[in-house]
file data_13.txt (compact mmCIF, C-alpha atoms)
# COMPACT_ATOMS: atom_id res chain seq x y z
CA MET A 1 -59.82 5.51 -3.59
CA ALA A 2 -59.17 8.19 -1.02
CA LEU A 3 -61.30 8.94 2.04
CA LYS A 4 -63.07 12.23 2.70
CA SER A 5 -63.73 13.87 6.06
CA PHE A 6 -66.60 16.18 6.95
CA LYS A 7 -67.06 19.42 8.83
CA PRO A 8 -68.09 18.59 12.43
CA THR A 9 -71.50 20.22 12.09
CA THR A 10 -73.07 17.20 13.84
CA PRO A 11 -71.68 14.59 16.25
CA ALA A 12 -71.96 11.99 13.48
CA ASN A 13 -69.85 14.06 11.09
CA ARG A 14 -67.05 14.71 13.57
CA TYR A 15 -65.22 11.42 13.01
CA LYS A 16 -66.87 10.27 9.80
CA LEU A 17 -64.50 9.01 7.07
CA LEU A 18 -66.17 7.79 3.89
CA PRO A 19 -64.81 6.90 0.43
CA THR A 20 -64.81 9.54 -2.29
CA PHE A 21 -65.91 7.03 -4.95
CA GLU A 22 -63.67 8.84 -7.42
CA GLU A 23 -62.77 5.55 -9.10
CA ILE A 24 -66.44 4.79 -9.90
CA THR A 25 -67.15 5.42 -13.60
CA LYS A 26 -70.52 3.67 -14.04
CA SER A 27 -73.38 4.36 -11.64
CA LYS A 28 -75.97 1.75 -12.62
CA PRO A 29 -75.27 -2.01 -12.84
CA GLU A 30 -75.51 -4.04 -16.04
CA LYS A 31 -79.09 -5.36 -15.93
CA SER A 32 -78.23 -8.69 -17.60
CA LEU A 33 -75.63 -9.42 -14.90
CA THR A 34 -77.85 -8.87 -11.86
CA ALA A 35 -80.10 -11.19 -9.87
CA PRO A 36 -82.63 -10.59 -7.07
CA LEU A 37 -81.26 -10.95 -3.55
CA LYS A 38 -83.72 -12.06 -0.88
CA LYS A 39 -83.12 -10.99 2.70
CA SER A 40 -82.85 -13.77 5.28
CA GLY A 41 -82.74 -11.67 8.44
CA GLY A 42 -80.16 -14.16 9.71
CA ARG A 43 -82.76 -16.93 9.80
CA ASN A 44 -82.66 -20.45 8.34
CA ASN A 45 -85.45 -22.34 6.55
CA GLN A 46 -87.10 -23.05 9.92
CA GLY A 47 -87.29 -19.38 10.82
CA ARG A 48 -84.73 -19.63 13.60
CA ILE A 49 -81.97 -17.05 13.95
CA THR A 50 -78.70 -18.78 13.06
CA CYS A 51 -76.70 -15.62 12.36
CA ARG A 52 -77.21 -12.89 14.92
CA HIS A 53 -77.10 -9.13 14.30
CA VAL A 54 -78.41 -9.43 10.73
CA GLY A 55 -81.54 -7.74 9.41
CA GLY A 56 -82.99 -4.75 7.62
CA GLY A 57 -80.81 -2.66 5.37
CA HIS A 58 -81.24 -1.18 1.92
CA LYS A 59 -82.60 -3.30 -0.91
CA ARG A 60 -79.84 -4.80 -3.07
CA LEU A 61 -79.33 -6.54 -6.39
CA TYR A 62 -76.73 -9.27 -6.57
CA ARG A 63 -74.02 -8.77 -9.20
CA LEU A 64 -73.03 -11.97 -11.01
CA VAL A 65 -69.23 -11.81 -10.72
CA ASP A 66 -67.10 -14.17 -12.83
CA PHE A 67 -64.71 -15.81 -10.35
CA LYS A 68 -63.69 -18.60 -12.75
CA ARG A 69 -62.37 -16.59 -15.74
CA ARG A 70 -62.66 -19.60 -18.05
CA LYS A 71 -63.09 -17.65 -21.31
CA LEU A 72 -59.49 -18.26 -22.37
CA ASN A 73 -57.35 -16.31 -24.83
CA VAL A 74 -60.13 -13.84 -25.65
CA PRO A 75 -59.22 -10.19 -24.89
CA ALA A 76 -61.79 -8.10 -23.06
CA LYS A 77 -62.02 -4.34 -22.66
CA VAL A 78 -62.80 -2.68 -19.34
CA VAL A 79 -66.03 -0.73 -19.85
CA GLY A 80 -66.49 0.68 -16.36
CA ILE A 81 -65.74 0.45 -12.64
CA GLU A 82 -68.80 0.02 -10.42
CA TYR A 83 -69.77 0.00 -6.76
CA ASP A 84 -70.98 -3.35 -5.43
CA PRO A 85 -73.06 -3.22 -2.23
CA ASN A 86 -72.48 -6.94 -1.63
CA ARG A 87 -68.69 -6.76 -1.18
CA THR A 88 -65.99 -4.42 0.11
CA CYS A 89 -64.12 -4.05 -3.19
CA ARG A 90 -65.18 -2.52 -6.48
CA ILE A 91 -66.10 -4.53 -9.56
CA ALA A 92 -65.14 -3.95 -13.19
CA LEU A 93 -67.48 -4.48 -16.14
CA ILE A 94 -65.59 -6.03 -19.07
CA GLU A 95 -66.76 -6.71 -22.62
CA TYR A 96 -65.25 -9.45 -24.81
CA LYS A 97 -64.73 -9.09 -28.54
CA ASP A 98 -67.81 -11.21 -29.24
CA GLY A 99 -69.98 -8.76 -27.26
CA GLN A 100 -70.35 -10.84 -24.10
CA LYS A 101 -70.16 -8.82 -20.88
CA SER A 102 -68.94 -9.96 -17.49
CA TYR A 103 -68.07 -8.67 -14.03
CA ILE A 104 -64.66 -9.21 -12.41
CA LEU A 105 -63.16 -7.95 -9.17
CA ALA A 106 -61.43 -4.62 -9.81
CA PRO A 107 -57.73 -4.73 -8.87
CA LEU A 108 -55.68 -1.68 -7.93
CA GLY A 109 -54.60 0.24 -11.04
CA LEU A 110 -57.19 -1.20 -13.45
CA GLU A 111 -58.68 1.64 -15.49
CA VAL A 112 -61.42 2.04 -18.06
CA GLY A 113 -60.15 1.22 -21.54
CA ALA A 114 -57.59 -1.33 -20.36
CA THR A 115 -57.52 -4.82 -21.86
CA VAL A 116 -57.63 -7.96 -19.73
CA GLU A 117 -57.31 -11.58 -20.77
CA ALA A 118 -57.27 -15.07 -19.27
CA GLY A 119 -55.05 -17.95 -20.38
CA GLU A 120 -51.87 -19.90 -19.70
CA LYS A 121 -49.60 -17.74 -21.87
CA VAL A 122 -50.95 -14.23 -21.31
CA GLN A 123 -48.78 -11.42 -19.97
CA PRO A 124 -48.70 -11.02 -16.15
CA ASN A 125 -50.46 -7.64 -16.29
CA VAL A 126 -52.95 -6.29 -13.75
CA GLY A 127 -56.35 -7.93 -14.25
CA ASN A 128 -55.11 -10.87 -16.33
CA ALA A 129 -55.95 -14.38 -15.10
CA MET A 130 -53.59 -17.37 -15.43
CA PRO A 131 -52.58 -20.58 -13.62
CA LEU A 132 -50.02 -20.35 -10.84
CA LYS A 133 -47.44 -22.21 -12.96
CA SER A 134 -47.36 -19.23 -15.36
CA VAL A 135 -47.11 -16.46 -12.74
CA PRO A 136 -43.64 -14.96 -12.06
CA LEU A 137 -42.37 -15.52 -8.53
CA GLY A 138 -42.96 -12.65 -6.11
CA THR A 139 -46.08 -11.42 -7.93
CA ALA A 140 -49.10 -10.10 -6.01
CA ILE A 141 -52.23 -12.09 -6.90
CA HIS A 142 -55.88 -12.30 -5.86
CA ASN A 143 -59.03 -14.34 -6.58
CA LEU A 144 -57.04 -17.55 -6.14
CA GLU A 145 -58.65 -20.98 -6.55
CA LEU A 146 -58.39 -23.66 -3.87
CA VAL A 147 -59.38 -26.36 -6.36
CA PRO A 148 -58.67 -26.04 -10.12
CA GLY A 149 -61.82 -25.01 -11.96
CA ALA A 150 -63.84 -24.23 -8.83
CA GLY A 151 -63.46 -20.44 -9.07
CA GLY A 152 -61.48 -18.03 -6.94
CA LYS A 153 -61.94 -18.23 -3.19
CA VAL A 154 -58.82 -16.64 -1.66
CA ALA A 155 -57.95 -12.90 -1.41
CA ARG A 156 -61.20 -11.36 -2.61
CA ALA A 157 -61.76 -8.58 -0.03
CA ALA A 158 -60.79 -4.93 -0.43
CA GLY A 159 -57.02 -4.43 -0.32
CA GLY A 160 -56.38 -8.18 -0.20
CA GLN A 161 -53.47 -9.84 -1.95
CA ALA A 162 -51.48 -13.06 -1.83
CA ILE A 163 -47.83 -13.42 -2.83
CA LEU A 164 -46.49 -16.30 -4.94
CA SER A 165 -43.20 -17.18 -3.23
CA ASN A 166 -42.05 -20.51 -4.70
CA ARG A 167 -42.92 -23.61 -6.74
CA GLU A 168 -41.99 -27.21 -6.06
CA GLY A 169 -43.27 -30.68 -6.95
CA GLY A 170 -46.40 -29.58 -8.80
CA TYR A 171 -47.38 -27.17 -6.01
CA ALA A 172 -47.01 -23.41 -5.63
CA LEU A 173 -46.20 -21.87 -2.25
CA VAL A 174 -48.37 -18.83 -1.63
CA LYS A 175 -48.29 -16.40 1.27
CA MET A 176 -51.93 -15.77 2.16
CA PRO A 177 -53.35 -12.38 3.25
CA SER A 178 -53.36 -13.70 6.84
CA GLY A 179 -49.62 -14.45 6.71
CA GLU A 180 -50.09 -18.21 6.40
CA ILE A 181 -47.92 -19.97 3.79
CA ARG A 182 -49.85 -22.67 1.98
CA LYS A 183 -49.46 -25.03 -0.97
CA PHE A 184 -51.74 -24.72 -4.00
CA LEU A 185 -51.81 -26.91 -7.10
CA GLU A 186 -49.99 -25.25 -9.99
CA ASN A 187 -53.11 -25.49 -12.18
CA CYS A 188 -55.16 -23.24 -9.87
CA PHE A 189 -56.09 -20.01 -11.63
CA CYS A 190 -55.49 -16.60 -10.07
CA THR A 191 -55.68 -12.96 -11.14
CA ILE A 192 -52.70 -10.60 -11.18
CA GLY A 193 -52.65 -7.59 -8.86
CA GLN A 194 -53.93 -6.40 -5.50
CA ILE A 195 -57.63 -5.86 -4.90
CA GLY A 196 -58.60 -2.18 -5.01
CA ASN A 197 -60.35 0.05 -2.46
CA ILE A 198 -57.37 -0.39 -0.13
CA ASN A 199 -58.62 2.29 2.29
CA HIS A 200 -61.78 0.37 3.15
CA MET A 201 -60.32 -0.69 6.52
CA ASN A 202 -59.93 2.99 7.52
CA GLU A 203 -63.57 3.95 6.91
CA VAL A 204 -65.50 5.35 9.88
CA SER A 205 -69.29 5.28 9.63
CA GLY A 206 -69.72 8.01 12.22
CA LYS A 207 -73.15 6.85 13.30
CA ALA A 208 -75.08 3.67 14.01
CA GLY A 209 -77.62 4.48 11.30
CA ARG A 210 -75.16 3.72 8.50
CA SER A 211 -74.66 0.22 9.92
CA ARG A 212 -78.42 -0.26 9.84
CA TRP A 213 -78.47 0.78 6.17
CA GLN A 214 -75.92 -1.97 5.57
CA GLY A 215 -78.09 -4.58 7.29
CA VAL A 216 -76.16 -4.78 10.57
CA ARG A 217 -78.29 -4.83 13.71
CA PRO A 218 -77.06 -3.76 17.17
CA THR A 219 -74.78 -5.99 19.23
CA VAL A 220 -75.41 -6.15 22.99
CA ARG A 221 -72.68 -7.35 25.35
CA GLY A 222 -73.52 -10.50 27.27
CA MET A 223 -72.26 -8.87 30.46
CA CYS A 224 -75.17 -6.39 30.27
CA MET A 225 -77.76 -9.18 30.13
CA ASN A 226 -79.47 -11.22 32.85
CA PRO A 227 -78.26 -14.74 33.74
CA VAL A 228 -81.27 -16.19 31.95
CA ASP A 229 -80.16 -14.56 28.70
CA HIS A 230 -76.40 -15.09 28.69
CA PRO A 231 -73.75 -16.98 30.70
CA ASN A 232 -71.90 -13.70 31.33
CA GLY A 233 -75.03 -11.91 32.62
CA GLY A 234 -76.11 -11.03 36.13
CA GLY A 235 -74.44 -9.62 39.21
CA GLU A 236 -74.74 -6.29 40.97
CA GLY A 237 -72.78 -3.87 38.82
CA LYS A 238 -69.49 -5.29 37.51
CA SER A 239 -69.71 -8.34 39.73
CA LYS A 240 -66.83 -10.73 40.34
CA SER A 241 -69.18 -13.61 41.08
CA GLY A 242 -71.48 -14.02 38.12
CA GLY A 243 -71.52 -10.81 36.14
CA GLY A 244 -68.65 -10.70 33.70
CA ARG A 245 -65.52 -11.56 35.71
CA GLN A 246 -65.69 -15.31 35.13
CA HIS A 247 -64.26 -17.07 32.10
CA LEU A 248 -65.79 -15.64 28.94
CA LYS A 249 -68.39 -17.80 27.25
CA SER A 250 -70.46 -17.67 24.11
CA PRO A 251 -74.26 -17.20 24.37
CA TRP A 252 -74.53 -21.01 24.29
CA GLY A 253 -72.05 -21.62 27.12
CA GLN A 254 -68.97 -22.50 25.05
CA LEU A 255 -65.72 -21.24 26.60
CA LYS A 256 -63.94 -18.66 24.46
CA GLY A 257 -60.26 -18.44 23.62
CA GLN A 258 -59.78 -22.08 22.67
CA LYS A 259 -58.65 -23.36 19.30
CA THR A 260 -61.57 -24.56 17.20
CA ARG A 261 -59.75 -25.96 14.16
CA GLN A 262 -59.92 -29.75 13.83
CA LYS A 263 -56.54 -31.36 14.52
CA THR A 264 -57.09 -33.97 11.82
CA LYS A 265 -58.22 -31.59 9.05
CA ALA A 266 -57.24 -32.86 5.61
CA SER A 267 -55.78 -29.54 4.49
CA ASN A 268 -53.20 -29.53 7.32
CA LYS A 269 -50.68 -31.19 5.01
CA LEU A 270 -50.92 -28.22 2.64
CA ILE A 271 -50.07 -25.63 5.31
CA VAL A 272 -46.33 -24.95 5.35
CA GLN A 273 -46.40 -22.23 8.01
CA ARG A 274 -49.35 -21.37 10.22
CA ARG A 275 -50.77 -17.88 10.54
CA LYS A 276 -49.90 -17.74 14.22
CA THR A 277 -46.42 -19.01 15.03
CA LYS A 278 -44.87 -18.85 18.50
CA ASN A 279 -42.03 -16.37 18.81
CA LYS A 280 -38.94 -18.20 19.97

call {"tool": "encode", "arguments": {"input": "data_13.txt", "output": "structure tokens"}}
result
Amino acid sequence: MALKSFKPTTPANRYKLLPTFEEITKSKPEKSLTAPLKKSGGRNNQGRITCRHVGGGHKRLYRLVDFKRRKLNVPAKVVGIEYDPNRTCRIALIEYKDGQKSYILAPLGLEVGATVEAGEKVQPNVGNAMPLKSVPLGTAIHNLELVPGAGGKVARAAGGQAILSNREGGYALVKMPSGEIRKFLENCFCTIGQIGNINHMNEVSGKAGRSRWQGVRPTVRGMCMNPVDHPNGGGEGKSKSGGGRQHLKSPWGQLKGQKTRQKTKASNKLIVQRRKTKNK
């Protein structure tokens, strides 16, 4: 999962840092576990852009990843590690004893030929899935459920991990990847280990074209626009009156820098320590 640099034969290659893909063992996806993925271009069912800077990019197939791991107490063998264009981490193809195949997120250290299993009494080995009540304290976990049976939602990006710190009153205290400490029901399933491809955050595309291959369109600063196009636009040069020196706003006029979380959100009672705490 290392990164490779390139000879600076072009301006794009000078700072480019891309993965070596040395952990990839299977080049083509399992056909039975793929589905067509239609491009939206950032538009909703009315054709209006609701997500800016989205469009184009290489054609993709969606990989049907098993986030629930509900095939209990049946060992599965890791057949291969694959690249998934729809997520930052790698995925592992596993095959159960009855011949059924499935995709799971590939944690750090999971290799071809290893055996993984899901259940309440399985060993806390890398790739095994179990409820929080069965996980030893201090263990790194990923693919953690918010609601029992709903499938993993937390810590699914490359290099992500959560740490089980304590258990009390039917709840488990977990330190999230953001640093927040939150309560989860003990019956929520999780997978042991840290997500692989930990160097993803250090990748450097080197050129704008690679972003376009990934379906990311250019982002233009509001300060460069006209007043008719953006609240931060206008002015002669870097103007102090109306061209970028006023309070920052979104394209729709909403002031930036304010807290957007609802004060009466139901999950507030589950948060033991917020991600951002004031230093005293």

call {"tool": "closest_residue", "arguments": {"input": "data_13.txt", "among": "A:Asn73, A:Gln194, A:Gln273, A:Ser32", "to": "Leu110 in chain A", "atoms": "all atoms listed in the file"}}
result
A:Gln194

call {"tool": "closest_residue", "arguments": {"input": "data_13.txt", "among": "A:His142, A:Lys121, A:Arg87, A:Lys26", "to": "Leu108 in chain A", "atoms": "only C-alpha atoms"}}
result
A:His142

call {"tool": "atom_distance", "arguments": {"input": "data_13.txt", "atom1": "CA of Gly193 in chain A", "atom2": "CA of Pro177 in chain A"}}
result
13.0 Å

call {"tool": "atom_distance", "arguments": {"input": "data_13.txt", "atom1": "CA of Val216 in chain A", "atom2": "CA of Gly80 in chain A"}}
result
29.1 Å

call {"tool": "closest_atom_pairs", "arguments": {"input": "data_13.txt", "of": "range 193-251 of chain A", "to": "range 47-65 of chain A", "cutoff": "9 Å", "atoms": "all atoms listed in the file", "output": "CSV"}}
result
residue,atom,partner,partner_atom,distance
A:Ser211,CA,A:Gly57,CA,8.2
A:Arg212,CA,A:Gly57,CA,5.6
A:Trp213,CA,A:Gly57,CA,4.2
A:Gln214,CA,A:Gly57,CA,4.9
A:Gly215,CA,A:Gly57,CA,3.8
A:Val216,CA,A:Val54,CA,5.2
A:Arg217,CA,A:His53,CA,4.5
A:Pro218,CA,A:His53,CA,6.1
A:Thr219,CA,A:His53,CA,6.3

call {"tool": "residues_near_point", "arguments": {"input": "data_13.txt", "point": "(-75.2, -13.5, 30.2)", "cutoff": "9 Å", "atoms": "only C-alpha atoms", "output": "count of residues only"}}
result
20

call {"tool": "closest_residue", "arguments": {"input": "data_13.txt", "among": "A:Pro75, A:Gly170, A:Gly151, A:Gly138", "to": "Phe189 in chain A", "atoms": "all atoms listed in the file"}}
result
A:Gly151

call {"tool": "residues_around", "arguments": {"input": "data_13.txt", "residues": "Leu137 in chain A", "least_positions_apart": "6", "cutoff": "10 Å", "atoms": "only C-alpha atoms", "output": "NGL selection string"}}
result
:A and (163-167 or 172-174)

call {"tool": "closest_residue", "arguments": {"input": "data_13.txt", "among": "A:Ala76, A:Glu236, A:Pro11, A:Val112", "to": "Lys97 in chain A", "atoms": "all atoms listed in the file"}}
result
A:Ala76

call {"tool": "atom_distance", "arguments": {"input": "data_13.txt", "atom1": "CA of Val74 in chain A", "atom2": "CA of Tyr96 in chain A"}}
result
6.8 Å

call {"tool": "axis_aligned_box", "arguments": {"input": "data_13.txt", "around": "range 73-85 of chain A", "padding_each_side": "4 Å", "output": "lines of an AutoDock Vina configuration file"}}
result
center_x = -65.2
center_y = -7.8
center_z = -13.9
size_x = 23.7
size_y = 25.0
size_z = 31.4

call {"tool": "decode", "arguments": {"input": "data_13.txt", "residues": "range 47-60 of chain A", "atoms": "C-alpha atoms", "output": "compact mmCIF listing (two decimals), in the first residue's frame"}}
result
# COMPACT_ATOMS: atom_id res chain seq x y z
CA GLY A 47 -32.85 17.72 -13.74
CA ARG A 48 -31.64 20.43 -11.36
CA ILE A 49 -28.09 20.43 -10.04
CA THR A 50 -28.27 19.60 -6.34
CA CYS A 51 -24.64 18.53 -5.94
CA ARG A 52 -22.16 20.82 -7.65
CA HIS A 53 -18.84 19.82 -9.22
CA VAL A 54 -20.06 16.35 -10.20
CA GLY A 55 -20.08 14.97 -13.74
CA GLY A 56 -18.25 12.94 -16.34
CA GLY A 57 -15.66 10.42 -15.28
CA HIS A 58 -14.89 6.86 -16.28
CA LYS A 59 -17.67 4.30 -16.51
CA ARG A 60 -18.01 2.21 -13.35
